[in-house]
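Please read the structure below before turning to the comments.
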Amino acid sequence: MLRNSLLAAATLPLTGAVWIGVTGLLARSELIAAGRDLDALRQSVAAVPGAASGAVPASAREGEVRSAAAHAARAHRLTTGPAWYPAAALPFVGGPLKTVRGAAYAADRLAGDVLSPLVQALPPPTPDSRGDGMSEALMTLQKHAPEVARAGRTAVEVQADVHALPRSTWLPAADRARADLVRQVDRLGPVMTDASLAARVLPPMLGARGQRRYFLAFQNIAEARGTGGVPGAFAVLSADRGHLSFERFGNNTEMATTKTNLDLGAGFAARYQGSEPTQVWANSNMSPHFPYAARIWAAAWRKHTGERVDGAFAVDPATLSRLLRVTGPARMAGGTELTADNVVDLTERASYAMYDDVARRKAFFVEAARAAAGPLISATGDMRRLPALLVALNDAQRDGRLKVWSAHAAEQRLIESRSYSGALPQTPGPFAGLVVNNAAGSKLDYYLDRSLVWEPTACSSGDRPVTATVTLTNRAPVSGLPGYVTLRGDSPPYRTRPGDNRLLVSYYAGVGASLTGATLDGRPAQLAPGVERGHSVFTLDLELPAHSSRTLVLHLLEPHADRAPVLLQQSLVTPLRATLKPGGPCRV
């Protein structure tokens with residue numbers, strides 16, 4: 001009997017190893033199957049419905065979630081047997097096993113406790129369209145708001161658990177699986193935070209408790225401003241129990257003479273002294289902090305009409321492109337067709353060559369906005385298109401092209417923490433922000449390329465030297481552009497050619513950062529220092545000739561810089577090319 005007992009004891013570790021190997025392979029298969037289900041779910045939610053595609057039934061989405069949850073639950077059960085727990089606790093050897101167990105548990109919670117309530121809160125697509133999609137979506141969101149909030153908290157917990165798993169083990173496959181899972185939960189975290197916030201904020205903003213009205217500005221990104229582009233055409237949007245409608249459209253000429261007495265504080269007044277954003281409509285959004293512009297627009301609209309608005313939105317032609325890809329083309333009164341592929345070029349470049357008369361060109365912009373609004377309103381009432389429309393709006397806000405402000409303080413406090421608020425954060429830490437404002441009065445920023453390289457060096461005591469390299473390129477042709485595009489409203493005292501541009505270039509560093517030196521094209525440069533919402537700001541008045549590049553290098557000392565910087569997004573026609581290089585840990 002002793003011999004048999006010793007033999008059993010000797011074979012027990014081998015049996016456990018075999019068991020872990022077999023169940024690990026089975027768990028891997030279950031996780032792969034769960035991943036396929038989630039991919040199918042993601043595609044069904046984001047799909048743009050076409051004539052032949054039809055609607056994806058709500059039952060199909062729920063089935064995909066149930067299937068993914070079942071596979072993830074089986075993977076979790078397979079990795080929680082009596083052999084797994086002690087083996088995962090072993091030094092060195094247990095690292096990959098701990099990662100596999102943690103991944104299976106995370107997948108189980110994500111599929112069952114996070115995605116399931118999220119999908120239930122999505123508007124269910126139906127085969128027919130009755131024009132009440134947004135209203136139904138609003139009711140669905142209100143109904144499932146508590147579950148969505150719990151799912152958001154669970155997503156944060158799972159994200160922390162996944163980040164706590166061993167980063168590097170003796171098994172590269174486990175390390176790669178952890179890295180993939182980290183990327184997935186890091187993408188899901190903000191989505192769930194937004195969903196949880198939407199469950200609280202969207203119902204009142206969409207008129208669940210009474211009609212709301214919003215000022216909607218269409219930013220012309222051919223002429224750069226801090227929040228994107230100069231405010232051109234505009235509309236007033238009404239929301240009543242989820243039903244959306246546009247009350248009126250107008251252009252910047254209508255608002256040009258409206259001045260406000262809005263007081264945005266001594267810091268704002270000092271930063272923008274001389275530009276008069278509260279008095280000059282074209283300068284109303286020079287600051288990259290969108291709530292400033294939104295408050296100016298709301299105050300100006302009240303001064304102009306006597307009407308209050310409940311908030312303000314900002315979009316640009318690139319946003320319209322995303323929406324038109326969902327809604328389909330829009331036809332203008334003159335027969336011009338707006339499509340996802342031509343709307344940016346048509347509104348930001350081609351229209352200037354089409355019309356010599358400024359009034360006709362401005363009317364064209366308003367008509368383009370009105371034409372795009374028609375199919376957009378139809379899509380918000382179509383359950384087949386609404387999910388894809390929401391995905392397009394999410395993509396636009398992620399790129400910094402959709403901005404939202406609420407005049408209701410409680411709502412704005414919630415919104416301001418999210419990227420779509422366009423808020424300039426006041427929290428300490430490394431920060432990298434390149435902001436350009438067109439100072440020529442031209443429309444040449446259609447041809448502007450921007451790049452930013454943020455490179456830290458060794459640091460001590462929490463302070464880190466940082467080199468920020470900004471390169472600006474003007475691709476404008478030296479001939480052939482309409483005079484309105486190449487206009488030099490600044491009347492410079494030096495000679496210029498058509499196509500030459502002038503920019504106010506501002507670099508936003510971290511709170512309390514200092515500038516130790518700067519060069520422009522290799523020569524010493526003097527930048528004007530300033531402060532906005534705690535951030536150190538350094539500004540250069542820059543002439544940018546046609547077909548030229550200029551390079552500005554800033555040498556900074558950033559406090560509290562023991563992590564990657566927050567990157568400010570100013571969305572123009574061509575996206576910023578940003579390179580944020582890693583730095584080692586700071587020595588205390």
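The chains in the structure tokens are called A, B, ... from first to last as shown; in each chain the residues are counted from 1, and the ligands are counted from 1 in the order shown.
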Which residues come within 10 Å of Ala333 (chain A), counting only C-alpha atoms, excluding same-chain residues fewer than 4 positions away, as a CSV table (one decimal) with C-alpha atoms, in the first residue's frame?
chain,number,residue,atom,x,y,z
A,337,GLU,CA,-24.7,66.0,-54.8
A,364,PHE,CA,-23.8,77.6,-50.9
A,367,GLU,CA,-27.5,75.1,-48.5
A,368,ALA,CA,-24.9,72.3,-48.1
A,370,ARG,CA,-29.4,72.2,-45.0
A,371,ALA,CA,-29.1,69.4,-47.6
Handout entry: Test item: residues at most 10 Å from Leu393 (chain A), only C-alpha atoms, excluding those fewer than 3 positions along its chain, as a ChimeraX atom specification
Key = /A:319-320,322-323,387-390,396-399,401-402
The selected residues should be written to file as a JSON list (two decimals), in the first residue's frame (atoms: N, CA and C atoms).
[["chain", "number", "residue", "atom", "x", "y", "z"],
["A", 319, "THR", "N", -16.79, 65.53, -40.30],
["A", 319, "THR", "CA", -17.89, 64.89, -39.56],
["A", 319, "THR", "C", -19.05, 64.59, -40.51],
["A", 320, "LEU", "N", -19.38, 65.57, -41.37],
["A", 320, "LEU", "CA", -20.45, 65.33, -42.34],
["A", 320, "LEU", "C", -20.11, 64.17, -43.25],
["A", 322, "ARG", "N", -18.45, 61.46, -42.48],
["A", 322, "ARG", "CA", -18.75, 60.22, -41.74],
["A", 322, "ARG", "C", -20.25, 59.97, -41.72],
["A", 323, "LEU", "N", -21.04, 61.02, -41.50],
["A", 323, "LEU", "CA", -22.48, 60.85, -41.41],
["A", 323, "LEU", "C", -23.09, 60.49, -42.76],
["A", 387, "PRO", "N", -27.89, 52.66, -35.24],
["A", 387, "PRO", "CA", -26.64, 52.18, -34.62],
["A", 387, "PRO", "C", -25.39, 52.61, -35.39],
["A", 388, "ALA", "N", -25.43, 52.51, -36.73],
["A", 388, "ALA", "CA", -24.27, 52.93, -37.52],
["A", 388, "ALA", "C", -24.05, 54.43, -37.41],
["A", 389, "LEU", "N", -25.14, 55.18, -37.29],
["A", 389, "LEU", "CA", -25.02, 56.63, -37.13],
["A", 389, "LEU", "C", -24.34, 56.96, -35.81],
["A", 390, "LEU", "N", -24.69, 56.25, -34.75],
["A", 390, "LEU", "CA", -24.07, 56.48, -33.45],
["A", 390, "LEU", "C", -22.59, 56.12, -33.48],
["A", 396, "ALA", "N", -16.28, 60.42, -34.86],
["A", 396, "ALA", "CA", -16.02, 61.85, -35.04],
["A", 396, "ALA", "C", -15.56, 62.49, -33.74],
["A", 397, "GLN", "N", -16.19, 62.15, -32.63],
["A", 397, "GLN", "CA", -15.77, 62.75, -31.35],
["A", 397, "GLN", "C", -14.42, 62.21, -30.92],
["A", 398, "ARG", "N", -14.13, 60.97, -31.26],
["A", 398, "ARG", "CA", -12.82, 60.40, -30.92],
["A", 398, "ARG", "C", -11.70, 61.14, -31.64],
["A", 399, "ASP", "N", -11.98, 61.61, -32.86],
["A", 399, "ASP", "CA", -10.99, 62.36, -33.63],
["A", 399, "ASP", "C", -11.01, 63.85, -33.30],
["A", 401, "ARG", "N", -13.53, 65.93, -33.76],
["A", 401, "ARG", "CA", -14.27, 66.69, -34.77],
["A", 401, "ARG", "C", -15.71, 66.98, -34.35],
["A", 402, "LEU", "N", -16.19, 66.38, -33.30],
["A", 402, "LEU", "CA", -17.51, 66.67, -32.75],
["A", 402, "LEU", "C", -17.32, 67.14, -31.32]]
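Atom pair CA of Ala578 (chain A) / CA of Val391 (chain A) has a distance of 24.5 Å (rounded to one decimal).
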Problem - Selection near Leu434 (chain A), 7 Å with only C-alpha atoms, sequence-local residues under 6 positions removed, as a list in words - result: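 Near neighbours after the sequence-gap exclusion: Ser506, Tyr507 and Tyr508 of chain A.
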Problem - Ala269 (chain A) surroundings by only C-alpha atoms, 12 Å radius, close-in-sequence under 2 positions cut, as a PyMOL selection string - result: chain A and resi 262-267+271-279+287+292+530-532
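Contact shell of Val573 (chain A) at 12 Å (only C-alpha atoms; same-chain neighbours under 6 positions omitted): A:Gln219, A:Asn220, A:Ile221, A:Ala222, A:Glu223, A:Ala224, A:Gly228, A:Gly229, A:Asp316, A:Pro317, A:Ala318, A:Thr319, A:Ser321, A:Val343, A:Val344, A:Asp345, A:Thr347, A:Glu348, A:Arg349, A:Asp399, A:Arg401, A:Lys443, A:Leu444, A:Asp445, A:Tyr446, A:Tyr447, A:Leu448, A:Asp449, A:Arg450.
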Practice task
Quick one: pick out all helix (DSSP H, G or I) residues within region 115-346 of chain A from a backbone DSSP run and write them as number ranges by chain.
Solution key: A: 115-121, 133-143, 145-163, 172-205, 252-255, 266-271, 281-283, 290-305, 317-327, 343-346
Exercise for the section: Please indicate the distance in Å from CA of Lys98 (chain A) to CA of Leu165 (chain A), rounded to one decimal place. Expected result: 7.2 Å
Practice task
Considering only C-alpha atoms, return as a PyMOL selection string whatever protein or nucleic-acid residues lie within 12 Å of Gln184 (chain A), sequence-local ones (same chain, fewer than 3 positions apart) excluded.
Solution key: chain A and resi 35+38-39+103+106-107+110+155+158-159+162-163+177-181+187-191
Exercise for the section: For each of A:Val505, A:Ala160, A:Val358, A:Val315, take the minimum atom-to-atom distance to Met286 (chain A), counting only C-alpha atoms, then give the residue where this is smallest. Expected result: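 Under the stated criterion, the closest residue is A:Val505.
Using only C-alpha atoms, the contacts of Glu147 (chain A) at a cut-off of 9 Å, with sequence neighbours closer than 6 positions omitted, comprise Val114, Pro117, Leu118, Ala121 and Ser196 of chain A.
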Practice task
For each of A:Leu503, A:Ala235, A:Ala353, A:Val566, take the minimum atom-to-atom distance to Thr427 (chain A), counting only C-alpha atoms, then give the residue where this is smallest.
Solution key: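 Counting only C-alpha atoms, the residue closest to Thr427 (chain A) is A:Val566.
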Problem - Backbone DSSP call of strand (DSSP E) for region 112-219 of chain A, listed as a PyMOL selection string - result: chain A and resi 212-219
Selection to disk with N, CA and C atoms, as a CSV table (one decimal), in the first residue's frame:
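Saved file selection.csv follows:
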chain,number,residue,atom,x,y,z
A,212,ARG,N,-35.5,70.8,-25.9
A,212,ARG,CA,-34.2,71.5,-25.8
A,212,ARG,C,-33.9,72.1,-27.2
A,213,ARG,N,-33.1,73.1,-27.2
A,213,ARG,CA,-32.7,73.8,-28.4
A,213,ARG,C,-31.2,74.0,-28.3
A,214,TYR,N,-30.4,73.8,-29.4
A,214,TYR,CA,-29.0,73.9,-29.4
A,214,TYR,C,-28.5,74.7,-30.6
A,215,PHE,N,-27.4,75.4,-30.4
A,215,PHE,CA,-26.7,76.2,-31.4
A,215,PHE,C,-25.7,75.2,-32.0
A,216,LEU,N,-25.8,75.0,-33.3
A,216,LEU,CA,-24.9,74.0,-34.0
A,216,LEU,C,-24.0,74.8,-35.0
A,217,ALA,N,-22.7,74.9,-34.8
A,217,ALA,CA,-21.8,75.6,-35.6
A,217,ALA,C,-21.1,74.6,-36.6
A,218,PHE,N,-21.0,75.0,-37.9
A,218,PHE,CA,-20.3,74.2,-38.8
A,218,PHE,C,-18.9,74.9,-39.0
A,219,GLN,N,-17.8,74.3,-38.5
A,219,GLN,CA,-16.5,74.9,-38.6
A,219,GLN,C,-15.9,74.8,-39.9
May I have a table of the residues of region 143-169 of chain A lying at most 10 Å from region 92-97 of chain A, giving each one's closest pair of atoms and their distance in Å to one decimal, counting only C-alpha atoms, ordered by chain and ascending residue number, as JSON lines?
{"residue": "A:Leu165", "atom": "CA", "partner": "A:Gly95", "partner_atom": "CA", "distance": 8.6}
{"residue": "A:Pro166", "atom": "CA", "partner": "A:Gly95", "partner_atom": "CA", "distance": 6.3}
{"residue": "A:Arg167", "atom": "CA", "partner": "A:Gly95", "partner_atom": "CA", "distance": 9.0}
{"residue": "A:Ser168", "atom": "CA", "partner": "A:Gly95", "partner_atom": "CA", "distance": 8.1}
{"residue": "A:Thr169", "atom": "CA", "partner": "A:Gly95", "partner_atom": "CA", "distance": 5.6}
File of the preceding selection, N, CA and C atoms, as a PDB file, in the first residue's frame:
ATOM      1  N   LEU A 165      -2.117  41.659 -14.319  1.00  0.00           N
ATOM      2  CA  LEU A 165      -1.593  40.346 -14.687  1.00  0.00           C
ATOM      3  C   LEU A 165      -0.107  40.450 -15.039  1.00  0.00           C
ATOM      4  N   PRO A 166       0.647  39.355 -14.869  1.00  0.00           N
ATOM      5  CA  PRO A 166       2.087  39.389 -15.183  1.00  0.00           C
ATOM      6  C   PRO A 166       2.349  39.881 -16.601  1.00  0.00           C
ATOM      7  N   ARG A 167       3.223  40.873 -16.712  1.00  0.00           N
ATOM      8  CA  ARG A 167       3.517  41.464 -18.014  1.00  0.00           C
ATOM      9  C   ARG A 167       4.471  40.596 -18.833  1.00  0.00           C
ATOM     10  N   SER A 168       5.419  39.957 -18.154  1.00  0.00           N
ATOM     11  CA  SER A 168       6.446  39.182 -18.851  1.00  0.00           C
ATOM     12  C   SER A 168       6.658  37.857 -18.132  1.00  0.00           C
ATOM     13  N   THR A 169       6.454  36.754 -18.841  1.00  0.00           N
ATOM     14  CA  THR A 169       6.640  35.418 -18.276  1.00  0.00           C
ATOM     15  C   THR A 169       7.574  34.616 -19.183  1.00  0.00           C
TER      16      THR A 169
END
Practice task
Return the single residue from A:Ala294, A:Ala173, A:Leu572, A:Val156 that is closest to Gln412 (chain A), with distances computed using only C-alpha atoms.
Solution key: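 With only C-alpha atoms as the atom set, the closest residue is A:Ala294.
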Exercise for the section: Point out the residue among A:Ile32, A:Ala164, A:Leu504, A:Ala440 with the least atom-to-atom distance to Leu487 (chain A), counting only C-alpha atoms. Expected result: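 So, comparing all the options, the nearest one is A:Ala440.
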Handout entry: For CA of Glu136 (chain A) and CA of Leu414 (chain A), the interatomic separation in Å (one decimal)
Key =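 Taking CA of Glu136 (chain A) as the start and CA of Leu414 (chain A) as the end point, the length is 23.8 Å.
Proximity of A:Gly517, A:Gly512, A:Pro231, A:Gly207 to Asp310 (chain A), computed with only C-alpha atoms, is greatest for A:Gly207.
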